[in-house]
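As stored in upload_0.cif (mmCIF, C-alpha atoms):
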data_my_file
#
loop_
_atom_site.label_atom_id
_atom_site.label_comp_id
_atom_site.auth_asym_id
_atom_site.auth_seq_id
_atom_site.Cartn_x
_atom_site.Cartn_y
_atom_site.Cartn_z
CA MET A 27 56.63 -123.08 114.13
CA ASN A 28 55.81 -122.66 110.47
CA PHE A 29 58.08 -125.31 109.01
CA LEU A 30 56.28 -127.14 106.23
CA LEU A 31 56.91 -130.76 107.15
CA ILE A 32 57.47 -132.97 104.13
CA PHE A 33 58.59 -136.33 105.47
CA THR A 34 60.36 -138.48 102.93
CA PRO A 35 61.73 -141.95 103.78
CA ILE A 36 65.51 -142.14 103.58
CA PHE A 37 67.36 -145.44 103.33
CA LEU A 38 71.08 -145.24 104.00
CA PHE A 39 73.63 -148.00 103.56
CA PHE A 40 76.99 -147.69 105.26
CA SER A 41 80.12 -149.56 104.29
CA SER A 42 82.54 -147.54 106.41
CA PRO A 43 82.06 -144.85 109.07
CA ASN A 44 84.78 -142.79 107.39
CA LEU A 45 83.13 -142.58 103.98
CA ILE A 46 81.16 -139.50 102.90
CA HIS A 47 77.94 -140.79 101.33
CA LYS A 48 76.41 -138.80 98.51
CA ASP A 49 72.89 -139.93 99.41
CA LYS A 50 72.89 -137.65 102.46
CA ILE A 51 75.55 -135.06 101.72
CA SER A 52 72.86 -132.45 101.06
CA GLU A 53 71.41 -132.87 104.55
CA LEU A 54 71.52 -130.12 107.16
CA ILE A 55 70.85 -130.70 110.86
CA VAL A 56 69.06 -127.70 112.35
CA CYS A 57 68.45 -126.84 116.01
CA GLY A 58 67.54 -123.89 118.20
CA ASP A 59 63.88 -124.19 119.06
CA THR A 60 62.14 -127.06 120.83
CA ALA A 61 63.11 -129.60 118.19
CA VAL A 62 65.93 -130.80 115.94
CA TYR A 63 65.28 -131.13 112.21
CA ILE A 64 67.08 -132.57 109.22
CA LEU A 65 66.33 -130.78 105.99
CA ASP A 66 67.43 -131.56 102.45
CA TYR A 67 69.33 -128.60 101.03
CA ASN A 68 68.84 -129.66 97.41
CA LYS A 69 65.07 -130.16 97.76
CA THR A 70 64.43 -126.99 99.77
CA LYS A 71 62.73 -124.47 97.50
CA ASP A 72 62.47 -120.76 98.21
CA SER A 73 61.22 -120.47 101.80
CA ILE A 74 59.90 -124.02 102.15
CA PRO A 75 62.44 -126.25 103.95
CA HIS A 76 62.16 -129.88 102.87
CA ILE A 77 62.14 -131.73 106.21
CA THR A 78 63.10 -135.41 106.25
CA TRP A 79 63.46 -136.06 110.01
CA HIS A 80 62.65 -134.38 113.29
CA TRP A 81 63.05 -135.02 117.01
CA SER A 82 61.71 -133.30 120.09
CA ALA A 83 62.01 -134.16 123.77
CA SER A 84 58.25 -133.86 124.27
CA ASP A 85 57.54 -137.02 122.28
CA SER A 86 60.79 -138.87 123.03
CA ASP A 87 61.50 -141.85 125.29
CA LEU A 88 63.33 -139.63 127.80
CA PRO A 89 62.06 -139.72 131.40
CA ALA A 90 59.24 -137.20 131.83
CA SER A 91 61.21 -135.38 134.52
CA PHE A 92 64.12 -134.88 132.11
CA ARG A 93 62.25 -133.71 129.02
CA ARG A 94 61.96 -130.10 130.20
CA LYS A 95 65.75 -129.93 130.34
CA MET A 96 65.79 -130.36 126.55
CA ARG A 97 63.18 -127.67 125.87
CA THR A 98 65.51 -125.46 123.75
CA THR A 99 68.14 -127.16 121.59
CA ASP A 100 71.49 -125.47 121.00
CA GLU A 101 73.73 -128.17 119.49
CA CYS A 102 73.04 -130.95 116.97
CA LYS A 103 76.20 -132.81 115.94
CA PRO A 104 76.05 -135.88 113.70
CA LEU A 105 78.03 -138.91 114.84
CA HIS A 106 79.04 -142.22 113.28
CA ASP A 107 78.28 -141.26 109.69
CA GLY A 108 75.06 -139.53 110.66
CA ARG A 109 73.49 -142.54 112.34
CA GLN A 110 73.39 -140.75 115.69
CA ILE A 111 72.86 -137.12 116.68
CA LEU A 112 74.34 -135.52 119.78
CA ILE A 113 71.96 -132.84 121.08
CA THR A 114 72.43 -130.30 123.88
CA SER A 115 70.03 -127.83 125.42
CA SER A 116 70.44 -124.62 127.39
CA GLY A 117 67.58 -126.00 129.47
CA GLY A 118 70.21 -128.16 131.16
CA GLY A 119 70.67 -131.43 129.33
CA VAL A 120 72.39 -133.52 126.67
CA VAL A 121 71.07 -136.57 124.82
CA LEU A 122 72.50 -138.90 122.19
CA VAL A 123 69.74 -140.00 119.80
CA ASP A 124 69.67 -142.87 117.32
CA ARG A 125 68.47 -141.42 114.04
CA LYS A 126 66.62 -144.48 112.76
CA THR A 127 64.70 -145.36 115.93
CA LYS A 128 64.86 -141.99 117.76
CA ALA A 129 65.83 -143.96 120.86
CA SER A 130 67.81 -142.15 123.56
CA ILE A 131 71.19 -143.89 123.80
CA PHE A 132 72.47 -141.63 126.56
CA TYR A 133 71.33 -138.54 128.48
CA ALA A 134 72.63 -136.36 131.31
CA GLN A 135 71.95 -133.12 133.14
CA VAL A 136 74.46 -130.33 132.47
CA GLY A 137 73.82 -126.74 133.53
CA ASN A 138 73.16 -124.58 130.44
CA ALA A 139 74.65 -127.24 128.13
CA HIS A 140 75.85 -125.68 124.87
CA SER A 141 77.87 -128.28 122.98
CA ALA A 142 79.29 -131.79 123.21
CA GLU A 143 81.79 -134.04 121.50
CA PHE A 144 82.26 -137.79 121.14
CA LEU A 145 85.58 -139.10 122.47
CA SER A 146 87.31 -142.46 122.25
CA ASN A 147 86.31 -145.36 124.51
CA ASN A 148 82.62 -144.45 124.15
CA ARG A 149 82.86 -141.29 126.21
CA ILE A 150 81.60 -137.79 125.57
CA VAL A 151 82.47 -134.36 126.90
CA VAL A 152 79.81 -131.67 127.37
CA THR A 153 80.24 -127.92 127.81
CA GLY A 154 78.10 -126.09 130.35
CA SER A 155 77.77 -122.33 130.00
CA THR A 156 76.96 -119.78 132.74
CA GLY A 157 74.41 -120.60 135.40
CA ASP A 158 73.67 -123.16 138.08
CA LYS A 159 75.84 -126.27 137.67
CA GLY A 160 77.34 -124.76 134.52
CA ASN A 161 80.73 -123.20 133.67
CA CYS A 162 82.12 -126.69 133.17
CA LEU A 163 83.48 -129.43 130.96
CA ASN A 164 81.88 -132.70 132.05
CA VAL A 165 83.05 -136.11 130.87
CA TYR A 166 80.67 -139.08 130.75
CA ASP A 167 80.75 -142.74 129.80
CA LEU A 168 77.92 -143.65 127.43
CA SER A 169 77.16 -146.79 129.43
CA HIS A 170 76.21 -144.72 132.50
CA SER A 171 73.67 -141.98 131.78
CA ASP A 172 73.82 -138.92 134.02
CA LYS A 173 76.99 -139.99 135.86
CA VAL A 174 79.88 -137.51 135.64
CA ILE A 175 83.24 -139.31 135.62
CA TYR A 176 85.36 -136.15 135.41
CA SER A 177 84.74 -132.40 135.45
CA ASP A 178 86.82 -129.27 134.90
CA SER A 179 85.71 -125.66 135.35
CA LEU A 180 85.57 -123.33 132.34
CA TYR A 181 83.69 -120.06 132.54
CA SER A 182 80.96 -119.76 129.89
CA ALA A 183 82.04 -123.00 128.21
CA HIS A 184 80.42 -123.00 124.78
CA GLY A 185 82.23 -125.17 122.25
CA VAL A 186 84.35 -128.31 122.12
CA VAL A 187 86.23 -130.24 119.41
CA TRP A 188 88.10 -133.55 119.59
CA ASP A 189 91.10 -133.98 117.30
CA GLN A 190 91.29 -137.73 116.82
CA GLU A 191 94.61 -137.66 114.97
CA SER A 192 96.52 -135.71 117.61
CA GLN A 193 94.41 -137.01 120.52
CA ILE A 194 93.87 -133.42 121.66
CA LEU A 195 90.68 -131.85 122.99
CA TYR A 196 89.95 -128.16 122.38
CA ALA A 197 87.35 -126.15 124.30
CA ILE A 198 86.29 -122.51 124.15
CA GLY A 199 85.02 -120.34 126.98
CA TYR A 200 84.31 -116.65 127.53
CA ASP A 201 87.72 -115.30 126.53
CA GLU A 202 89.96 -118.33 126.13
CA LEU A 203 90.62 -121.39 124.02
CA ARG A 204 91.93 -124.39 125.93
CA LYS A 205 93.98 -127.37 124.79
CA TYR A 206 93.63 -130.65 126.72
CA SER A 207 95.05 -134.15 126.59
CA LEU A 208 93.35 -137.31 127.85
CA ARG A 209 94.59 -138.71 131.16
CA ASN A 210 94.33 -142.32 132.40
CA TRP A 211 91.89 -142.84 129.58
CA ASP A 212 92.00 -146.64 129.62
CA SER A 213 91.43 -146.78 133.37
CA SER A 214 88.28 -146.64 135.47
CA SER A 215 89.13 -143.07 136.54
CA PRO A 216 89.84 -141.16 133.32
CA GLY A 217 90.19 -137.39 133.07
CA ILE A 218 91.40 -134.53 130.92
CA GLU A 219 94.55 -132.53 131.57
CA LEU A 220 95.00 -128.87 130.60
CA ILE A 221 98.04 -128.40 128.34
CA LYS A 222 97.77 -124.77 127.31
CA THR A 223 95.43 -121.77 127.32
CA PHE A 224 95.13 -119.18 124.54
CA LYS A 225 93.52 -115.74 124.86
CA ILE A 226 91.00 -115.46 122.03
CA PRO A 227 90.85 -112.25 119.96
CA GLY A 228 87.56 -111.08 121.48
CA ILE A 229 85.09 -111.99 124.19
CA SER A 230 82.14 -114.32 124.61
CA GLY A 231 83.63 -117.25 122.72
CA HIS A 232 80.87 -119.23 121.09
CA ASP A 233 81.08 -121.83 118.35
CA LEU A 234 84.16 -124.01 117.98
CA ASN A 235 84.40 -126.36 115.03
CA SER A 236 86.83 -128.20 112.78
CA THR A 237 87.50 -126.98 109.24
CA LEU A 238 88.42 -128.77 106.02
CA ASP A 239 92.07 -128.25 107.00
CA LYS A 240 93.07 -130.70 109.75
CA ASP A 241 95.51 -128.14 111.17
CA GLN A 242 92.83 -125.52 111.75
CA LEU A 243 89.83 -124.77 113.91
CA ILE A 244 87.20 -122.10 113.36
CA LEU A 245 85.75 -120.16 116.27
CA THR A 246 83.29 -117.34 116.77
CA GLU A 247 83.06 -114.61 119.37
CA THR A 248 80.88 -111.53 119.80
CA ASN A 249 82.37 -109.44 117.01
CA SER A 250 83.93 -111.74 114.40
CA VAL A 251 84.95 -115.22 113.20
CA TRP A 252 88.50 -116.56 113.47
CA ILE A 253 90.73 -119.37 112.28
CA PHE A 254 93.04 -120.94 114.87
CA ASN A 255 96.15 -122.62 113.48
CA LYS A 256 96.88 -125.62 115.71
CA ILE A 257 100.51 -125.88 114.58
CA GLU A 258 101.50 -122.22 114.81
CA GLU A 259 99.01 -121.56 117.64
CA THR A 260 97.90 -118.28 116.07
CA PHE A 261 94.56 -116.60 115.31
CA GLU A 262 93.64 -115.04 111.97
CA GLU A 263 90.31 -113.49 111.02
CA TYR A 264 88.25 -115.69 108.71
CA ILE A 265 87.87 -113.34 105.75
CA PRO A 266 84.48 -114.52 104.35
CA LEU A 267 82.87 -113.78 107.74
CA ALA A 268 85.26 -111.12 109.06
CA GLY A 269 83.40 -108.57 111.15
CA TYR A 270 80.20 -110.65 111.26
CA ASP A 271 78.98 -110.31 114.83
CA HIS A 272 77.03 -112.80 116.94
CA VAL A 273 77.69 -115.77 114.65
CA LYS A 274 76.32 -118.82 116.44
CA SER A 275 77.64 -121.60 114.23
CA VAL A 276 79.82 -122.23 111.17
CA ASP A 277 80.27 -125.48 109.26
CA PHE A 278 81.91 -126.57 106.00
CA HIS A 279 80.61 -128.93 103.32
CA PRO A 280 83.31 -131.60 102.80
CA ILE A 281 82.88 -131.78 99.01
CA THR A 282 81.50 -128.47 97.72
CA LYS A 283 83.22 -126.47 100.51
CA GLN A 284 80.05 -124.42 100.88
CA VAL A 285 79.86 -122.73 104.28
CA VAL A 286 76.65 -122.75 106.31
CA TYR A 287 76.33 -120.32 109.21
CA ILE A 288 73.86 -118.77 111.62
CA LYS A 289 74.05 -115.10 112.56
CA ALA A 290 71.80 -114.03 115.43
CA GLU A 291 69.36 -111.38 114.24
CA GLU A 292 66.93 -111.23 117.15
CA GLU A 293 68.51 -111.82 120.56
CA TRP A 294 70.16 -115.27 120.22
CA TRP A 295 68.38 -116.65 117.15
CA SER A 296 67.83 -116.24 113.42
CA TYR A 297 64.91 -117.03 111.14
CA ASN A 298 67.37 -117.58 108.31
CA ILE A 299 70.07 -120.10 107.42
CA TYR A 300 72.93 -118.42 105.55
CA PHE A 301 75.53 -119.77 103.14
CA LYS A 302 78.80 -118.68 101.56
CA ASN A 303 80.50 -120.10 98.45
CA PRO A 304 78.00 -119.59 96.93
CA ASP A 305 75.86 -117.14 98.87
CA LYS A 306 72.35 -118.32 99.67
CA ARG A 307 69.65 -117.81 102.30
CA ILE A 308 66.92 -120.16 103.48
CA TYR A 309 64.10 -118.50 105.40
CA VAL A 310 62.46 -120.79 107.96
CA GLY A 311 59.43 -118.81 109.11
CA ASP A 312 59.06 -118.32 112.83
CA THR A 313 61.38 -121.16 113.85
CA ARG A 314 64.25 -119.86 115.97
CA ILE A 315 67.50 -121.26 114.58
CA TYR A 316 70.67 -121.39 116.68
CA LYS A 317 73.02 -123.84 114.96
CA VAL A 318 73.20 -125.78 111.69
CA ARG A 319 75.56 -128.65 110.81
CA TRP A 320 76.15 -130.48 107.53
CA ASN A 321 75.28 -134.13 108.12
CA TYR A 322 78.34 -136.13 107.14
CA ARG A 323 80.48 -136.84 110.24
#

Produce structure tokens that represent the structure in this file.
Amino acid sequence: MNFLLIFTPIFLFFSSPNLIHKDKISELIVCGDTAVYILDYNKTKDSIPHITWHWSASDSDLPASFRRKMRTTDECKPLHDGRQILITSSGGGVVLVDRKTKASIFYAQVGNAHSAEFLSNNRIVVTGSTGDKGNCLNVYDLSHSDKVIYSDSLYSAHGVVWDQESQILYAIGYDELRKYSLRNWDSSSPGIELIKTFKIPGISGHDLNSTLDKDQLILTETNSVWIFNKIEETFEEYIPLAGYDHVKSVDFHPITKQVVYIKAEEEWWSYNIYFKNPDKRIYVGDTRIYKVRWNYR
């Protein structure tokens, strides 16, 4: 990797997990190679990313036998106002990391893990894409690492979003978007129940994310990017990225509304981070980037 590492101490003070703090609103969480990085968008100049934090399995507190399962990172979602980061790997694992200490709060094996989401009652759901022990949605309790408490099959499961307000879980697979509710969630045997399935307008569903509109989701597939209206249950092409193929991730800045996205340029990765509104590009050398998230959730 040719990232220029410029480590700058960051001190964050949180009064409420629902507040968006301006002291870190310029942060981007980047994953795709062997590590996860946080870079400061405002301090990144030309092709020199300003790195403020990094994590890799090789120097983590994970069991040695598990570290190889986190060898390539493909999701990096901030949780609890950015104090924790939920990381998945196509190598076959998921880990929840404390940002300040880098301690592993939770970890589990999931075949070809591609995304994860934090649910109520300290549980998470993880998507497993194609391959051995994949094609699944696995639910875990954070107090019991590596113990599946419920599983559903979903071919090429790639993305997942929890709608806290409606208490609905959305997941995307190869050619479908699924809508789930929680079942027996306050019991010792919780699960998820399929409510409805929608055929997506394309194949190889990939990223699934919330937008700045609570009634919408954004999703990517092989040939374009789409908005799903949760109320009308319809798909409409997302005009700024219409016809953009192999988009691996899309995310929206909550204040400036700037869009950050990754478009695969060589196989599954990019050496560039792209932006819309306004347009911008950050070149990251030979680091293979798969997904980027604004750090505010």

For stretch 208-222 of chain A, find every residue with an atom within 8 Å (counting only C-alpha atoms), except residues of its own chain fewer than 5 positions away, and show them as a PDB file with C-alpha atoms, in the coordinates of the input.
ATOM      1  CA  ASN A 147      86.310-145.360 124.510  1.00  0.00           C
ATOM      2  CA  VAL A 165      83.050-136.110 130.870  1.00  0.00           C
ATOM      3  CA  ILE A 175      83.240-139.310 135.620  1.00  0.00           C
ATOM      4  CA  TYR A 176      85.360-136.150 135.410  1.00  0.00           C
ATOM      5  CA  SER A 177      84.740-132.400 135.450  1.00  0.00           C
ATOM      6  CA  GLN A 193      94.410-137.010 120.520  1.00  0.00           C
ATOM      7  CA  ILE A 194      93.870-133.420 121.660  1.00  0.00           C
ATOM      8  CA  LEU A 195      90.680-131.850 122.990  1.00  0.00           C
TER       9      LEU A 195
END

I'd like the neighbourhood of stretch 78-95 of chain A as an mmCIF file with C-alpha atoms, in the coordinates of the input, where a residue qualifies if any of its atoms comes within 9 Å (using all atoms listed in the file), though same-chain residues fewer than 6 positions away should be ignored.
data_model
loop_
_atom_site.group_PDB
_atom_site.id
_atom_site.type_symbol
_atom_site.label_atom_id
_atom_site.label_comp_id
_atom_site.auth_asym_id
_atom_site.auth_seq_id
_atom_site.Cartn_x
_atom_site.Cartn_y
_atom_site.Cartn_z
ATOM 1 C CA LEU A 31 56.910 -130.760 107.150
ATOM 2 C CA ILE A 32 57.470 -132.970 104.130
ATOM 3 C CA PHE A 33 58.590 -136.330 105.470
ATOM 4 C CA THR A 34 60.360 -138.480 102.930
ATOM 5 C CA PRO A 35 61.730 -141.950 103.780
ATOM 6 C CA ILE A 36 65.510 -142.140 103.580
ATOM 7 C CA GLU A 53 71.410 -132.870 104.550
ATOM 8 C CA THR A 60 62.140 -127.060 120.830
ATOM 9 C CA ALA A 61 63.110 -129.600 118.190
ATOM 10 C CA VAL A 62 65.930 -130.800 115.940
ATOM 11 C CA TYR A 63 65.280 -131.130 112.210
ATOM 12 C CA ILE A 64 67.080 -132.570 109.220
ATOM 13 C CA LEU A 65 66.330 -130.780 105.990
ATOM 14 C CA ASP A 66 67.430 -131.560 102.450
ATOM 15 C CA SER A 115 70.030 -127.830 125.420
ATOM 16 C CA SER A 116 70.440 -124.620 127.390
ATOM 17 C CA GLY A 117 67.580 -126.000 129.470
ATOM 18 C CA GLY A 118 70.210 -128.160 131.160
ATOM 19 C CA GLY A 119 70.670 -131.430 129.330
ATOM 20 C CA VAL A 120 72.390 -133.520 126.670
ATOM 21 C CA VAL A 121 71.070 -136.570 124.820
ATOM 22 C CA VAL A 123 69.740 -140.000 119.800
ATOM 23 C CA ARG A 125 68.470 -141.420 114.040
ATOM 24 C CA LYS A 128 64.860 -141.990 117.760
ATOM 25 C CA ALA A 129 65.830 -143.960 120.860
ATOM 26 C CA SER A 130 67.810 -142.150 123.560
ATOM 27 C CA TYR A 133 71.330 -138.540 128.480
ATOM 28 C CA ALA A 134 72.630 -136.360 131.310
ATOM 29 C CA GLN A 135 71.950 -133.120 133.140
ATOM 30 C CA VAL A 136 74.460 -130.330 132.470
#

* Taking the file above as input, evaluate the PyMOL selection byres ((chain A and resi 103) around 9) and report the hits as a PyMOL selection string. => chain A and resi 55+101-102+104-105+108+110-113+141-143+318-321+323

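Counting from atom CA of A:Asn249, the distance to atom CA of A:Phe261 is 14.2 Å.
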
For the file shown, what are the residues hit by the PyMOL selection byres ((chain A and resi 73) around 9), laid out as a short mmCIF file (atom, residue, chain, number, x, y, z; two decimals) with C-alpha atoms, in the frame of the given file?
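The file below, out_32.cif, is the result:
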data_model
loop_
_atom_site.label_atom_id
_atom_site.label_comp_id
_atom_site.auth_asym_id
_atom_site.auth_seq_id
_atom_site.Cartn_x
_atom_site.Cartn_y
_atom_site.Cartn_z
CA THR A 70 64.43 -126.99 99.77
CA LYS A 71 62.73 -124.47 97.50
CA ASP A 72 62.47 -120.76 98.21
CA ILE A 74 59.90 -124.02 102.15
CA PRO A 75 62.44 -126.25 103.95
CA ARG A 307 69.65 -117.81 102.30
CA ILE A 308 66.92 -120.16 103.48
CA TYR A 309 64.10 -118.50 105.40
CA VAL A 310 62.46 -120.79 107.96
CA GLY A 311 59.43 -118.81 109.11
#

Which residues of stretch 119-237 of chain A come within 12 Å of stretch 264-286 of chain A, and for each one, what is the closest pair of atoms and their distance in Å to one decimal, counting only C-alpha atoms, sorted by chain and residue number, as CSV?
residue,atom,partner,partner_atom,distance
A:His140,CA,A:Lys274,CA,10.9
A:Ser141,CA,A:Ser275,CA,11.0
A:His184,CA,A:Lys274,CA,10.2
A:Gly185,CA,A:Ser275,CA,9.9
A:Gly228,CA,A:Asp271,CA,10.9
A:Ile229,CA,A:His272,CA,10.9
A:Ser230,CA,A:His272,CA,9.3
A:Gly231,CA,A:Lys274,CA,9.8
A:His232,CA,A:Lys274,CA,6.5
A:Asp233,CA,A:Ser275,CA,5.4
A:Leu234,CA,A:Ser275,CA,7.9
A:Asn235,CA,A:Asp277,CA,7.2
A:Ser236,CA,A:Asp277,CA,7.9
A:Thr237,CA,A:Phe278,CA,6.5

* To do: Please provide as a list in words all residues within 7 Å of A:Ile226, with the sequence filter that same-chain residues fewer than 3 positions apart are discarded (counting only C-alpha atoms).
  => Asp201, Glu202 and Leu203 of chain A

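For the choices A:Ser207, A:Asn138, A:Thr248, A:Asn161, the atom-to-atom distance to A:Ser192 is smallest for A:Ser207 when using only C-alpha atoms.
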
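Rounded to one decimal, atom CA of A:Tyr181 and atom CA of A:Ile253 lie 21.5 Å from each other.
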
* To do: I need the residue set behind the PyMOL selection byres ((chain A and resi 148) around 10) for this file; please write it as a list in words.
  => Phe144, Leu145, Ser146, Asn147, Arg149, Ile150, Tyr166, Asp167, Leu168 and Ser169 of chain A

As lines of an AutoDock Vina configuration file, what would the box around stretch 291-310 of chain A look like: edges along x, y and z, 4 Å added on every side, centre and edge lengths in Å to one decimal?
center_x = 71.5
center_y = -116.0
center_z = 108.7
size_x = 26.0
size_y = 17.6
size_z = 31.6

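Distances to A:Asp305 were evaluated for A:Tyr287, A:Glu258, A:Asp59, A:Asp107 using all atoms listed in the file, and the minimum falls at A:Tyr287.
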
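For the pair atom CA of A:Ser250 and atom CA of A:Lys159, the separation is 28.6 Å.
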
* To do: With a distance cut-off of 8 Å and all atoms listed in the file, select the neighbouring residues of A:Leu163, excluding the residue or stretch itself and same-chain residues fewer than 2 positions from it, and output the selection as number ranges by chain.
  => A: 151-154, 161, 165, 177-180, 183

* To do: Go through A:Ser52, A:Thr98, A:Leu245, A:Ile131 one by one, measure the shortest atom-to-atom distance of each to A:Ile77 using only C-alpha atoms, and give the residue with the smallest value.
  => A:Ser52

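With all atoms listed in the file as the atoms that count, the minimum distance from A:Val251 to the choices A:Asp239, A:Asp158, A:Glu263, A:Glu292 is reached by A:Glu263.
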